[in-house]
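Structure data (compact mmCIF, C-alpha atoms and all ligand atoms) from model.txt:
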# COMPACT_ATOMS: atom_id res chain seq x y z
CA MET A 1 -1.34 -14.96 32.15
CA TYR A 2 -2.07 -15.15 28.42
CA SER A 3 -1.97 -18.43 26.61
CA PRO A 4 -2.88 -18.53 22.92
CA ASN A 5 -6.12 -20.08 21.70
CA GLU A 6 -5.51 -23.78 21.10
CA HIS A 7 -7.55 -23.63 17.88
CA ARG A 8 -5.42 -20.83 16.43
CA TYR A 9 -4.31 -22.83 13.41
CA ASP A 10 -7.80 -23.99 12.40
CA VAL A 11 -8.99 -20.99 10.36
CA MET A 12 -5.97 -19.14 8.98
CA LYS A 13 -4.60 -19.95 5.55
CA TYR A 14 -0.81 -20.21 5.20
CA ASN A 15 0.71 -19.46 1.82
CA ARG A 16 4.14 -20.45 0.60
CA CYS A 17 6.43 -17.45 0.24
CA GLY A 18 7.63 -17.58 -3.37
CA LYS A 19 9.79 -20.65 -3.93
CA SER A 20 10.99 -20.84 -0.34
CA GLY A 21 10.35 -23.22 2.51
CA LEU A 22 8.57 -20.54 4.53
CA LYS A 23 4.80 -20.13 4.75
CA LEU A 24 3.17 -16.90 5.88
CA PRO A 25 -0.38 -16.32 7.10
CA ALA A 26 -2.65 -14.80 4.43
CA ILE A 27 -3.15 -11.90 6.87
CA SER A 28 -0.20 -10.44 8.76
CA LEU A 29 -0.20 -7.68 11.37
CA GLY A 30 1.89 -4.54 10.98
CA PHE A 31 3.15 -2.37 13.85
CA TRP A 32 3.53 0.91 11.90
CA HIS A 33 0.66 2.60 13.77
CA ASN A 34 -1.12 1.69 17.03
CA PHE A 35 1.92 0.15 18.76
CA GLY A 36 4.02 3.25 19.48
CA GLY A 37 4.86 5.07 22.68
CA VAL A 38 1.85 7.35 22.04
CA ASP A 39 -0.57 4.41 21.99
CA LEU A 40 -2.21 2.54 24.86
CA LEU A 41 0.00 -0.42 25.67
CA GLU A 42 -2.91 -2.55 26.89
CA ASN A 43 -4.72 -2.07 23.58
CA SER A 44 -1.59 -2.92 21.57
CA ARG A 45 -1.16 -6.08 23.63
CA ALA A 46 -4.80 -7.08 23.16
CA VAL A 47 -4.59 -6.60 19.38
CA ALA A 48 -1.39 -8.64 19.07
CA ARG A 49 -2.71 -11.44 21.26
CA HIS A 50 -6.00 -11.58 19.37
CA ALA A 51 -4.08 -11.76 16.12
CA LEU A 52 -2.13 -14.80 17.29
CA ASP A 53 -5.34 -16.37 18.63
CA LEU A 54 -6.63 -16.27 15.05
CA GLY A 55 -3.49 -17.73 13.53
CA ILE A 56 -1.74 -14.49 12.53
CA THR A 57 1.80 -15.66 13.13
CA HIS A 58 3.58 -12.80 11.37
CA PHE A 59 4.25 -9.40 12.97
CA ASP A 60 5.87 -6.80 10.73
CA LEU A 61 8.02 -4.02 12.19
CA ALA A 62 10.68 -1.50 11.20
CA ASN A 63 13.31 0.46 13.08
CA ASN A 64 11.34 3.71 12.75
CA TYR A 65 7.81 2.58 13.66
CA GLY A 66 6.24 4.47 16.55
CA PRO A 67 6.01 7.33 17.21
CA PRO A 68 8.51 7.97 18.61
CA PRO A 69 10.72 5.96 16.22
CA GLY A 70 11.80 2.69 17.79
CA SER A 71 8.91 2.55 20.24
CA ALA A 72 6.89 -0.03 18.24
CA GLU A 73 9.85 -2.41 18.52
CA GLU A 74 9.97 -1.73 22.26
CA THR A 75 6.26 -2.59 22.44
CA MET A 76 6.97 -5.80 20.51
CA GLY A 77 9.74 -6.55 23.01
CA TYR A 78 7.31 -6.02 25.89
CA ILE A 79 4.68 -8.28 24.29
CA LEU A 80 7.26 -10.97 23.53
CA LYS A 81 8.50 -10.91 27.10
CA ASN A 82 5.17 -10.70 28.89
CA ASP A 83 2.65 -12.44 26.63
CA LEU A 84 4.38 -14.48 23.96
CA HIS A 85 7.26 -15.81 25.99
CA GLY A 86 7.67 -19.45 24.97
CA TYR A 87 6.10 -18.93 21.52
CA ARG A 88 9.05 -17.45 19.60
CA ASP A 89 9.28 -20.45 17.30
CA GLU A 90 5.64 -20.01 16.25
CA LEU A 91 6.24 -16.43 15.14
CA ILE A 92 7.69 -14.68 12.12
CA ILE A 93 9.00 -11.27 13.18
CA SER A 94 10.38 -8.87 10.62
CA SER A 95 12.14 -5.54 10.81
CA LYS A 96 13.56 -3.07 8.30
CA ALA A 97 16.01 -0.25 7.82
CA GLY A 98 16.16 2.26 5.00
CA TYR A 99 14.46 5.43 6.23
CA GLY A 100 16.01 8.10 8.46
CA MET A 101 16.51 6.78 11.99
CA TRP A 102 19.28 8.79 13.65
CA PRO A 103 21.15 12.00 12.82
CA GLY A 104 24.25 12.14 10.64
CA PRO A 105 25.30 10.29 7.50
CA TYR A 106 25.03 6.77 8.98
CA GLY A 107 21.40 6.75 10.10
CA ASP A 108 19.56 6.52 6.76
CA TRP A 109 19.37 4.84 3.33
CA GLY A 110 21.29 1.69 2.37
CA SER A 111 24.92 1.56 3.49
CA ARG A 112 26.32 -1.53 5.21
CA LYS A 113 27.15 0.73 8.16
CA PHE A 114 23.50 1.75 8.59
CA LEU A 115 21.87 -1.64 8.01
CA VAL A 116 24.08 -3.58 10.40
CA ALA A 117 23.92 -0.97 13.18
CA SER A 118 20.18 -0.52 12.77
CA LEU A 119 19.45 -4.23 13.01
CA ASP A 120 21.57 -4.47 16.16
CA GLN A 121 19.48 -1.67 17.69
CA SER A 122 16.21 -3.34 16.60
CA LEU A 123 17.24 -6.65 18.17
CA LYS A 124 18.02 -4.89 21.45
CA ARG A 125 14.68 -3.07 21.48
CA MET A 126 12.78 -6.30 20.87
CA GLY A 127 14.95 -8.41 23.16
CA LEU A 128 15.60 -10.87 20.34
CA ASP A 129 18.66 -12.76 19.12
CA TYR A 130 17.42 -12.73 15.54
CA VAL A 131 14.57 -11.52 13.32
CA ASP A 132 13.00 -13.89 10.83
CA ILE A 133 13.04 -11.40 7.96
CA PHE A 134 15.19 -8.29 7.61
CA TYR A 135 14.29 -5.84 4.85
CA HIS A 136 16.00 -3.04 3.07
CA HIS A 137 13.09 -0.60 3.41
CA ARG A 138 13.50 1.45 0.20
CA PRO A 139 15.94 1.72 -2.70
CA ASP A 140 18.95 3.97 -2.16
CA PRO A 141 19.87 5.87 -5.34
CA GLU A 142 23.44 6.54 -4.17
CA THR A 143 24.72 3.39 -2.44
CA PRO A 144 25.86 0.61 -4.82
CA LEU A 145 23.25 -2.15 -4.80
CA GLU A 146 26.11 -4.64 -4.30
CA GLU A 147 26.88 -3.01 -0.94
CA THR A 148 23.28 -3.10 0.29
CA MET A 149 22.73 -6.69 -0.86
CA GLY A 150 26.15 -7.65 0.54
CA ALA A 151 25.05 -6.31 3.93
CA LEU A 152 21.83 -8.37 3.75
CA GLN A 153 23.85 -11.49 2.86
CA ASP A 154 26.22 -10.99 5.77
CA ILE A 155 23.35 -10.29 8.16
CA VAL A 156 21.74 -13.59 7.16
CA ARG A 157 25.06 -15.44 7.41
CA SER A 158 25.62 -13.95 10.88
CA GLY A 159 22.32 -15.48 12.02
CA LYS A 160 20.83 -12.11 13.01
CA ALA A 161 18.16 -12.60 10.34
CA LEU A 162 16.95 -15.85 8.80
CA TYR A 163 15.82 -14.34 5.48
CA ALA A 164 16.38 -11.16 3.47
CA GLY A 165 13.68 -8.95 1.99
CA ILE A 166 13.32 -5.74 0.01
CA SER A 167 10.58 -3.17 0.09
CA ASN A 168 9.42 -0.49 -2.34
CA TYR A 169 11.89 -1.64 -5.04
CA PRO A 170 10.74 -1.20 -8.66
CA PRO A 171 10.81 -4.28 -10.97
CA ASP A 172 14.19 -3.62 -12.64
CA LEU A 173 15.98 -3.04 -9.35
CA THR A 174 14.28 -6.11 -7.88
CA ARG A 175 15.76 -8.22 -10.70
CA LYS A 176 19.23 -6.73 -10.17
CA ALA A 177 19.02 -7.25 -6.41
CA GLU A 178 18.02 -10.89 -6.88
CA GLU A 179 20.86 -11.42 -9.39
CA ILE A 180 23.38 -10.11 -6.86
CA MET A 181 21.94 -12.35 -4.16
CA ARG A 182 22.01 -15.39 -6.46
CA SER A 183 25.62 -14.76 -7.40
CA ALA A 184 26.37 -15.21 -3.69
CA GLY A 185 24.27 -18.38 -3.51
CA MET A 186 21.47 -16.58 -1.70
CA HIS A 187 17.97 -15.38 -2.49
CA ILE A 188 15.54 -12.59 -1.72
CA LEU A 189 12.71 -14.23 0.19
CA ILE A 190 10.11 -11.52 -0.14
CA HIS A 191 9.20 -8.10 -1.50
CA GLN A 192 6.99 -5.70 0.46
CA PRO A 193 5.20 -3.22 -1.85
CA LYS A 194 2.22 -0.93 -1.27
CA TYR A 195 -0.92 -2.30 -2.91
CA SER A 196 -4.60 -1.52 -2.67
CA MET A 197 -7.47 -0.55 -4.94
CA PHE A 198 -6.07 3.00 -4.77
CA GLU A 199 -2.44 2.04 -5.48
CA ARG A 200 -1.97 -0.50 -8.25
CA TRP A 201 1.60 -0.01 -9.48
CA ILE A 202 2.65 -3.61 -8.78
CA GLU A 203 0.36 -4.80 -11.57
CA ASP A 204 2.71 -3.11 -14.10
CA GLY A 205 5.62 -5.55 -14.00
CA LEU A 206 6.48 -6.18 -10.37
CA LEU A 207 4.16 -9.17 -9.87
CA LYS A 208 5.55 -10.80 -13.01
CA GLU A 209 9.10 -10.17 -11.83
CA LEU A 210 8.37 -11.76 -8.46
CA ARG A 211 6.72 -14.76 -10.10
CA ASP A 212 9.68 -15.25 -12.47
CA ASP A 213 12.20 -14.98 -9.62
CA GLY A 214 10.23 -17.08 -7.13
CA ILE A 215 10.11 -14.19 -4.65
CA GLY A 216 7.18 -13.91 -2.26
CA CYS A 217 5.06 -10.78 -1.96
CA ILE A 218 3.50 -9.20 1.13
CA VAL A 219 1.38 -6.19 0.23
CA PHE A 220 1.18 -3.29 2.67
CA SER A 221 -1.62 -0.80 3.39
CA PRO A 222 -4.18 -2.98 1.56
CA LEU A 223 -6.96 -0.87 3.13
CA ALA A 224 -5.27 2.39 2.02
CA GLN A 225 -4.74 3.15 5.75
CA GLY A 226 -8.46 2.76 6.46
CA LEU A 227 -9.85 4.68 3.48
CA LEU A 228 -11.06 1.40 1.96
CA THR A 229 -13.43 0.70 4.85
CA ASP A 230 -16.74 2.24 5.88
CA LYS A 231 -14.92 4.48 8.39
CA TYR A 232 -14.83 7.78 6.46
CA LEU A 233 -18.27 7.66 4.80
CA GLU A 234 -19.75 10.22 7.20
CA GLY A 235 -16.66 12.40 7.78
CA ILE A 236 -13.46 11.94 9.77
CA PRO A 237 -13.98 10.34 13.20
CA ALA A 238 -11.76 11.85 15.92
CA ASP A 239 -10.37 8.44 16.87
CA SER A 240 -9.45 7.45 13.29
CA ARG A 241 -5.96 7.55 11.78
CA ALA A 242 -6.85 10.66 9.78
CA GLY A 243 -8.41 12.24 12.88
CA ARG A 244 -5.51 11.59 15.27
CA PRO A 245 -2.55 14.00 15.25
CA THR A 246 0.07 11.25 14.86
CA GLY A 247 -1.48 9.41 11.90
CA PHE A 248 0.31 9.25 8.56
CA LEU A 249 -3.09 9.59 6.83
CA ARG A 250 -3.96 13.29 6.92
CA PRO A 251 -7.46 14.80 6.63
CA GLU A 252 -6.56 16.25 3.22
CA HIS A 253 -6.05 12.70 1.90
CA VAL A 254 -9.70 11.91 2.63
CA THR A 255 -10.94 13.68 -0.50
CA GLU A 256 -14.55 13.87 -1.67
CA GLU A 257 -13.47 12.14 -4.89
CA LYS A 258 -12.08 9.15 -2.97
CA VAL A 259 -15.04 8.98 -0.59
CA ALA A 260 -17.44 8.96 -3.58
CA LYS A 261 -15.66 5.87 -4.93
CA VAL A 262 -15.58 4.26 -1.49
CA ARG A 263 -19.35 4.79 -1.21
CA LYS A 264 -19.91 2.81 -4.43
CA LEU A 265 -17.45 0.12 -3.37
CA ASN A 266 -19.22 -0.12 -0.03
CA GLU A 267 -22.53 -0.77 -1.79
CA MET A 268 -20.86 -3.47 -3.84
CA ALA A 269 -19.42 -5.11 -0.74
CA LYS A 270 -22.87 -5.11 0.87
CA ALA A 271 -24.28 -6.84 -2.21
CA ARG A 272 -21.57 -9.50 -1.78
CA GLY A 273 -22.65 -9.89 1.84
CA GLN A 274 -19.44 -8.54 3.38
CA LYS A 275 -17.86 -5.40 4.78
CA LEU A 276 -15.85 -3.17 2.49
CA ALA A 277 -12.70 -3.89 4.52
CA GLN A 278 -13.14 -7.58 3.70
CA MET A 279 -13.83 -7.00 0.04
CA ALA A 280 -10.78 -4.72 -0.24
CA LEU A 281 -8.55 -7.34 1.40
CA ALA A 282 -9.91 -10.18 -0.72
CA TRP A 283 -9.30 -8.03 -3.80
CA ALA A 284 -5.67 -7.31 -2.79
CA MET A 285 -5.04 -11.01 -2.15
CA ARG A 286 -6.56 -12.24 -5.42
CA HIS A 287 -3.21 -12.59 -7.24
CA ARG A 288 -1.46 -15.91 -6.75
CA GLU A 289 1.85 -14.05 -6.32
CA VAL A 290 0.55 -12.35 -3.17
CA THR A 291 1.65 -14.39 -0.16
CA SER A 292 0.15 -12.18 2.52
CA ALA A 293 -1.52 -8.82 3.14
CA VAL A 294 -0.07 -6.88 6.05
CA ILE A 295 -2.78 -4.85 7.73
CA GLY A 296 -2.87 -2.36 10.55
CA ALA A 297 -5.42 -2.54 13.36
CA SER A 298 -6.31 -0.02 16.05
CA ARG A 299 -8.72 -2.43 17.75
CA VAL A 300 -9.40 -6.10 18.18
CA SER A 301 -12.56 -6.12 16.02
CA GLN A 302 -10.51 -5.04 12.99
CA ILE A 303 -8.51 -8.25 13.28
CA ASP A 304 -11.77 -10.23 13.13
CA ASP A 305 -12.84 -8.29 10.02
CA ALA A 306 -9.54 -8.99 8.29
CA VAL A 307 -9.46 -12.68 9.12
CA ASN A 308 -13.02 -13.06 7.83
CA ALA A 309 -11.79 -11.84 4.44
CA ILE A 310 -10.01 -15.16 3.97
CA SER A 311 -13.28 -16.97 3.39
CA SER A 312 -14.54 -14.39 0.85
CA GLN A 313 -16.16 -15.74 -2.25
CA PRO A 314 -13.86 -15.33 -5.28
CA PHE A 315 -14.54 -12.36 -7.58
CA ALA A 316 -16.49 -12.99 -10.76
CA THR A 317 -15.04 -11.31 -13.86
CA ASP A 318 -17.88 -8.81 -14.04
CA GLU A 319 -17.31 -7.86 -10.37
CA LEU A 320 -13.64 -7.13 -11.09
CA ARG A 321 -14.69 -5.03 -14.08
CA LYS A 322 -17.15 -3.14 -11.93
CA ILE A 323 -14.45 -2.37 -9.36
CA ASP A 324 -12.15 -1.11 -12.15
CA SER A 325 -14.88 1.15 -13.46
CA ILE A 326 -15.68 2.55 -9.99
CA LEU A 327 -11.97 3.23 -9.43
CA ALA A 328 -11.78 4.94 -12.83
CA GLY A 329 -14.53 7.28 -11.61
CA LYS A 330 -17.23 5.96 -13.91
N1 LIG A 401 7.34 -1.24 3.68
C1 LIG A 401 6.83 -0.05 3.81
O1 LIG A 401 7.35 0.95 3.28
C2 LIG A 401 5.57 0.11 4.61
C3 LIG A 401 4.90 1.34 4.64
C4 LIG A 401 3.72 1.41 5.35
C5 LIG A 401 3.21 0.30 6.03
N2 LIG A 401 3.91 -0.88 5.99
C6 LIG A 401 3.45 -2.08 6.74
O2 LIG A 401 2.08 -2.31 6.45
C7 LIG A 401 1.35 -2.38 7.67
C8 LIG A 401 -0.07 -1.99 7.44
O3 LIG A 401 -0.16 -0.64 6.97
P1 LIG A 401 -1.47 0.18 7.27
O4 LIG A 401 -1.66 0.27 8.74
O5 LIG A 401 -1.42 1.41 6.46
O6 LIG A 401 -2.58 -0.85 6.66
P2 LIG A 401 -4.09 -0.76 6.33
O7 LIG A 401 -4.60 -2.12 6.66
O8 LIG A 401 -4.28 -0.24 4.95
O9 LIG A 401 -4.73 0.32 7.32
C9 LIG A 401 -4.91 0.00 8.67
C10 LIG A 401 -5.84 0.98 9.34
O10 LIG A 401 -7.14 0.95 8.73
C11 LIG A 401 -8.15 1.02 9.73
N3 LIG A 401 -8.89 -0.24 9.70
C12 LIG A 401 -8.39 -1.51 9.65
N4 LIG A 401 -9.38 -2.42 9.64
C13 LIG A 401 -10.53 -1.73 9.66
C14 LIG A 401 -11.89 -2.11 9.66
N5 LIG A 401 -12.24 -3.39 9.63
N6 LIG A 401 -12.84 -1.14 9.68
C15 LIG A 401 -12.48 0.16 9.72
N7 LIG A 401 -11.21 0.60 9.73
C16 LIG A 401 -10.24 -0.34 9.71
C17 LIG A 401 -7.42 1.23 11.07
O11 LIG A 401 -7.22 2.62 11.26
P3 LIG A 401 -7.94 3.47 12.41
O12 LIG A 401 -6.86 3.90 13.30
O13 LIG A 401 -8.54 4.62 11.67
O14 LIG A 401 -8.96 2.59 13.10
C18 LIG A 401 -6.09 0.59 10.79
O15 LIG A 401 -5.06 1.03 11.64
C19 LIG A 401 2.15 -1.47 8.59
O16 LIG A 401 1.84 -1.67 9.97
C20 LIG A 401 3.54 -1.88 8.25
O17 LIG A 401 3.86 -3.10 8.87
C21 LIG A 401 5.07 -0.99 5.30
What would you get if you wrote out this structure as structure tokens?
Amino acid sequence: MYSPNEHRYDVMKYNRCGKSGLKLPAISLGFWHNFGGVDLLENSRAVARHALDLGITHFDLANNYGPPPGSAEETMGYILKNDLHGYRDELIISSKAGYGMWPGPYGDWGSRKFLVASLDQSLKRMGLDYVDIFYHHRPDPETPLEETMGALQDIVRSGKALYAGISNYPPDLTRKAEEIMRSAGMHILIHQPKYSMFERWIEDGLLKELRDDGIGCIVFSPLAQGLLTDKYLEGIPADSRAGRPTGFLRPEHVTEEKVAKVRKLNEMAKARGQKLAQMALAWAMRHREVTSAVIGASRVSQIDDAVNAISSQPFATDELRKIDSILAGK
């Protein structure tokens, strides 16, 4: 029977989430890939247990993670029941709704109907009474924001989620969403945007917005799904995300142009005495607004790599400039 490492809180750093009472680990573990029905359950269990052993207390899910959709939450349910039973109060478990989940007009986007029903399904799959954070997964251009935020408020009031979050919202919509929440005496705890050396949109206004509003920030795909590691330097391994048929990263995304940049970044990481994965994570976490980076991991060793990034030496100004110039293709 598994029991977590008693030293699990010795190494991890816990950052306050915006202006809230909640702290999140600097590294969180996402269940988007590697925890679905197509994956080996024993490996998924080992990765999740190793994460907790190293102080990763936050597991990030969504209704549609798998494949098939929903199966990652079932895996989480299995792990909670069989391995983490008795540790619920040491964990932050999140889920989301906002992408297509079931057929018909009520299984997608941002209506109250969809959000409430989807969370009920997620709770059943995970065998939980509540999630810690429930997110609206992406903006809905057609549903009034008041309705979507109203659903999040009621979900929190019902006790089925402790905190509300938004994901993939641009800065202006983030401000409006927070205004609606405030008018109801509530608050958006956290925003989950994509951020890596290859995807820097949050630097153009979102980080400032989150700082001004006291909203936390958990950046997703900080390794650009594995591109920002040494994995693709010699081609596409069959057991990589781009090599497997079910991965969201497709072989055509692994372009020669990107790999050429990754090669230079890899040399730079070596000169800093670390792996590229660690340098890329340290880079994504360098903003004080960033509470946590949510990574994916297909094996236990990747959790070790990520956690080692926490003790990275800070970037000197000329190193940051060099990264910018590599990314600009110079
Ligand atoms: N809110 C949203 O819209 C949204 C969207 C996407 C993701 N997310 C969240 O973000 C989480 C992380 O996304 P992600 O999986 O794309 O993150 P990522 O950390 O950028 O990529 C993870 C993948 O990179 C590879 N990798 C990780 N560490 C490595 C290492 N040390 N050396 C070599 N390769 C390594 C592994 O792929 P291999 O299989 O190739 O080993 C791993 O599965 C998701 O699970 C989900 O919770 C949220």
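When atom CA of Arg244 of chain A is paired with atom CA of Val38 of chain A, their separation reads 10.9 Å.
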Which chains and residue numbers are within 6 Å of ligand LIG 401 (chain A), counting all atoms listed in the file, if I want them as a ChimeraX atom specification?
/A:30-33,60-61,137,167,192,220-226,229,231,240-241,277,294-298,302,305
Between A:Asp304, A:Asp239, A:Asp132, A:Glu234, which is the closest to Met12 of chain A once you count all atoms listed in the file?
A:Asp304
Which residues come within 10 Å of Lys160 of chain A, counting all atoms listed in the file, excluding same-chain residues fewer than 5 positions away, as number ranges by chain?
A: 116, 119-120, 123, 128-134, 154-155
If we count only C-alpha atoms, what is near Tyr232 of chain A at a cut-off of 12 Å, once residues fewer than 2 positions away on the same chain are taken out, given as a PDB file with C-alpha atoms, in the coordinates of the input?
ATOM      1  CA  ALA A 224      -5.270   2.390   2.020  1.00  0.00           C
ATOM      2  CA  GLN A 225      -4.740   3.150   5.750  1.00  0.00           C
ATOM      3  CA  GLY A 226      -8.460   2.760   6.460  1.00  0.00           C
ATOM      4  CA  LEU A 227      -9.850   4.680   3.480  1.00  0.00           C
ATOM      5  CA  LEU A 228     -11.060   1.400   1.960  1.00  0.00           C
ATOM      6  CA  THR A 229     -13.430   0.700   4.850  1.00  0.00           C
ATOM      7  CA  ASP A 230     -16.740   2.240   5.880  1.00  0.00           C
ATOM      8  CA  GLU A 234     -19.750  10.220   7.200  1.00  0.00           C
ATOM      9  CA  GLY A 235     -16.660  12.400   7.780  1.00  0.00           C
ATOM     10  CA  ILE A 236     -13.460  11.940   9.770  1.00  0.00           C
ATOM     11  CA  PRO A 237     -13.980  10.340  13.200  1.00  0.00           C
ATOM     12  CA  ALA A 238     -11.760  11.850  15.920  1.00  0.00           C
ATOM     13  CA  ASP A 239     -10.370   8.440  16.870  1.00  0.00           C
ATOM     14  CA  SER A 240      -9.450   7.450  13.290  1.00  0.00           C
ATOM     15  CA  ARG A 241      -5.960   7.550  11.780  1.00  0.00           C
ATOM     16  CA  ALA A 242      -6.850  10.660   9.780  1.00  0.00           C
ATOM     17  CA  GLY A 243      -8.410  12.240  12.880  1.00  0.00           C
ATOM     18  CA  LEU A 249      -3.090   9.590   6.830  1.00  0.00           C
ATOM     19  CA  PRO A 251      -7.460  14.800   6.630  1.00  0.00           C
ATOM     20  CA  HIS A 253      -6.050  12.700   1.900  1.00  0.00           C
ATOM     21  CA  VAL A 254      -9.700  11.910   2.630  1.00  0.00           C
ATOM     22  CA  THR A 255     -10.940  13.680  -0.500  1.00  0.00           C
ATOM     23  CA  GLU A 256     -14.550  13.870  -1.670  1.00  0.00           C
ATOM     24  CA  LYS A 258     -12.080   9.150  -2.970  1.00  0.00           C
ATOM     25  CA  VAL A 259     -15.040   8.980  -0.590  1.00  0.00           C
ATOM     26  CA  ALA A 260     -17.440   8.960  -3.580  1.00  0.00           C
ATOM     27  CA  LYS A 261     -15.660   5.870  -4.930  1.00  0.00           C
ATOM     28  CA  VAL A 262     -15.580   4.260  -1.490  1.00  0.00           C
ATOM     29  CA  ARG A 263     -19.350   4.790  -1.210  1.00  0.00           C
ATOM     30  CA  ASN A 266     -19.220  -0.120  -0.030  1.00  0.00           C
ATOM     31  CA  LEU A 276     -15.850  -3.170   2.490  1.00  0.00           C
TER      32      LEU A 276
END
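Proximity ranking of A:Gly66, A:Ala284, A:Gly185, A:Arg45 relative to Ala306 of chain A places A:Ala284 first, based on only C-alpha atoms.
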Residues at most 8 Å from His58 of chain A, counting all atoms listed in the file, excluding those fewer than 6 positions away in the same chain, as a PDB file with C-alpha atoms, keeping the file's coordinate frame?
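That gives us around_34.pdb:
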ATOM      1  CA  LEU A  24       3.170 -16.900   5.880  1.00  0.00           C
ATOM      2  CA  PRO A  25      -0.380 -16.320   7.100  1.00  0.00           C
ATOM      3  CA  SER A  28      -0.200 -10.440   8.760  1.00  0.00           C
ATOM      4  CA  LEU A  29      -0.200  -7.680  11.370  1.00  0.00           C
ATOM      5  CA  LEU A  91       6.240 -16.430  15.140  1.00  0.00           C
ATOM      6  CA  ILE A  92       7.690 -14.680  12.120  1.00  0.00           C
ATOM      7  CA  ILE A  93       9.000 -11.270  13.180  1.00  0.00           C
ATOM      8  CA  SER A  94      10.380  -8.870  10.620  1.00  0.00           C
TER       9      SER A  94
END
Of the candidates A:Thr291, A:Leu40, A:Gly214, A:Asp140, which one gets nearest to Ala26 of chain A if we count all atoms listed in the file?
A:Thr291
Could you list as a ChimeraX atom specification every residue that has an atom within 7 Å of (0.3, -12.5, -0.2), using the file's coordinates and counting all atoms listed in the file?
/A:26,217-219,285,289-293
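Of the listed residues (A:Gly98, A:Gly107, A:Pro69, A:Gly127), A:Gly98 comes nearest to Asn168 of chain A; the distances count all atoms listed in the file.
When atom CA of Ile190 of chain A is paired with atom CA of Lys81 of chain A, their separation reads 27.3 Å.
Checking A:Asn5, A:Asn64, A:Thr57, A:Asn82 one by one against Lys23 of chain A, counting only C-alpha atoms, you find the shortest gap at A:Thr57.
A straight line drawn from atom CA of Asn15 of chain A to atom CA of Thr174 of chain A is 21.4 Å long.
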Taking 2 positions as the minimum chain separation for residues in the same chain, which residues sit within 8 Å of Phe198 of chain A when counting only C-alpha atoms? Answer as a PyMOL selection string.
chain A and resi 195-196+200+224+327
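The shortest atom-to-atom distance to Arg211 of chain A, with only C-alpha atoms taken into account, belongs to A:His287 out of A:Arg125, A:Asn34, A:Pro245, A:His287.
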Would you kindly return, as a PyMOL selection string, each protein, DNA or RNA residue with an atom no farther than 8 Å from any atom of Tyr169 of chain A, considering all atoms listed in the file and excluding same-chain residues fewer than 5 positions away?
chain A and resi 138-139+174+191+193
Exercise: residues within 6 Å of coordinate (14.6, -6.3, 1.6), counting all atoms listed in the file, as number ranges by chain
A: 135-136, 164-167
Around all the atoms of segment 46-62 of chain A listed in the file, with 3 Å of room on each side, what axis-aligned box do you get, giving centre and edge lengths in Å to one decimal, as JSON?
{"center_x": 2.0, "center_y": -9.6, "center_z": 16.9, "size_x": 23.3, "size_y": 22.2, "size_z": 18.4}
Could you model N, CA and C atoms for segment 18-29 of chain A and present them as a compact mmCIF listing (two decimals), keeping the file's coordinate frame?
# COMPACT_ATOMS: atom_id res chain seq x y z
N GLY A 18 6.85 -17.36 -2.16
CA GLY A 18 7.63 -17.58 -3.37
C GLY A 18 8.03 -19.04 -3.47
N LYS A 19 9.33 -19.25 -3.82
CA LYS A 19 9.79 -20.65 -3.93
C LYS A 19 10.63 -21.01 -2.71
N SER A 20 10.20 -20.56 -1.55
CA SER A 20 10.99 -20.84 -0.34
C SER A 20 10.33 -21.94 0.48
N GLY A 21 10.94 -22.25 1.59
CA GLY A 21 10.35 -23.22 2.51
C GLY A 21 9.39 -22.58 3.50
N LEU A 22 9.33 -21.25 3.49
CA LEU A 22 8.57 -20.54 4.53
C LEU A 22 7.13 -20.26 4.09
N LYS A 23 6.19 -20.50 5.00
CA LYS A 23 4.80 -20.13 4.75
C LYS A 23 4.44 -18.94 5.64
N LEU A 24 3.65 -18.03 5.09
CA LEU A 24 3.17 -16.90 5.88
C LEU A 24 1.65 -16.94 5.95
N PRO A 25 1.08 -16.39 7.03
CA PRO A 25 -0.38 -16.32 7.10
C PRO A 25 -0.90 -15.37 6.02
N ALA A 26 -2.08 -15.66 5.48
CA ALA A 26 -2.65 -14.80 4.43
C ALA A 26 -2.82 -13.37 4.94
N ILE A 27 -3.08 -13.23 6.24
CA ILE A 27 -3.15 -11.90 6.87
C ILE A 27 -2.03 -11.79 7.89
N SER A 28 -1.26 -10.71 7.78
CA SER A 28 -0.20 -10.44 8.76
C SER A 28 -0.53 -9.12 9.45
N LEU A 29 0.09 -8.91 10.61
CA LEU A 29 -0.20 -7.68 11.37
C LEU A 29 1.03 -6.78 11.41
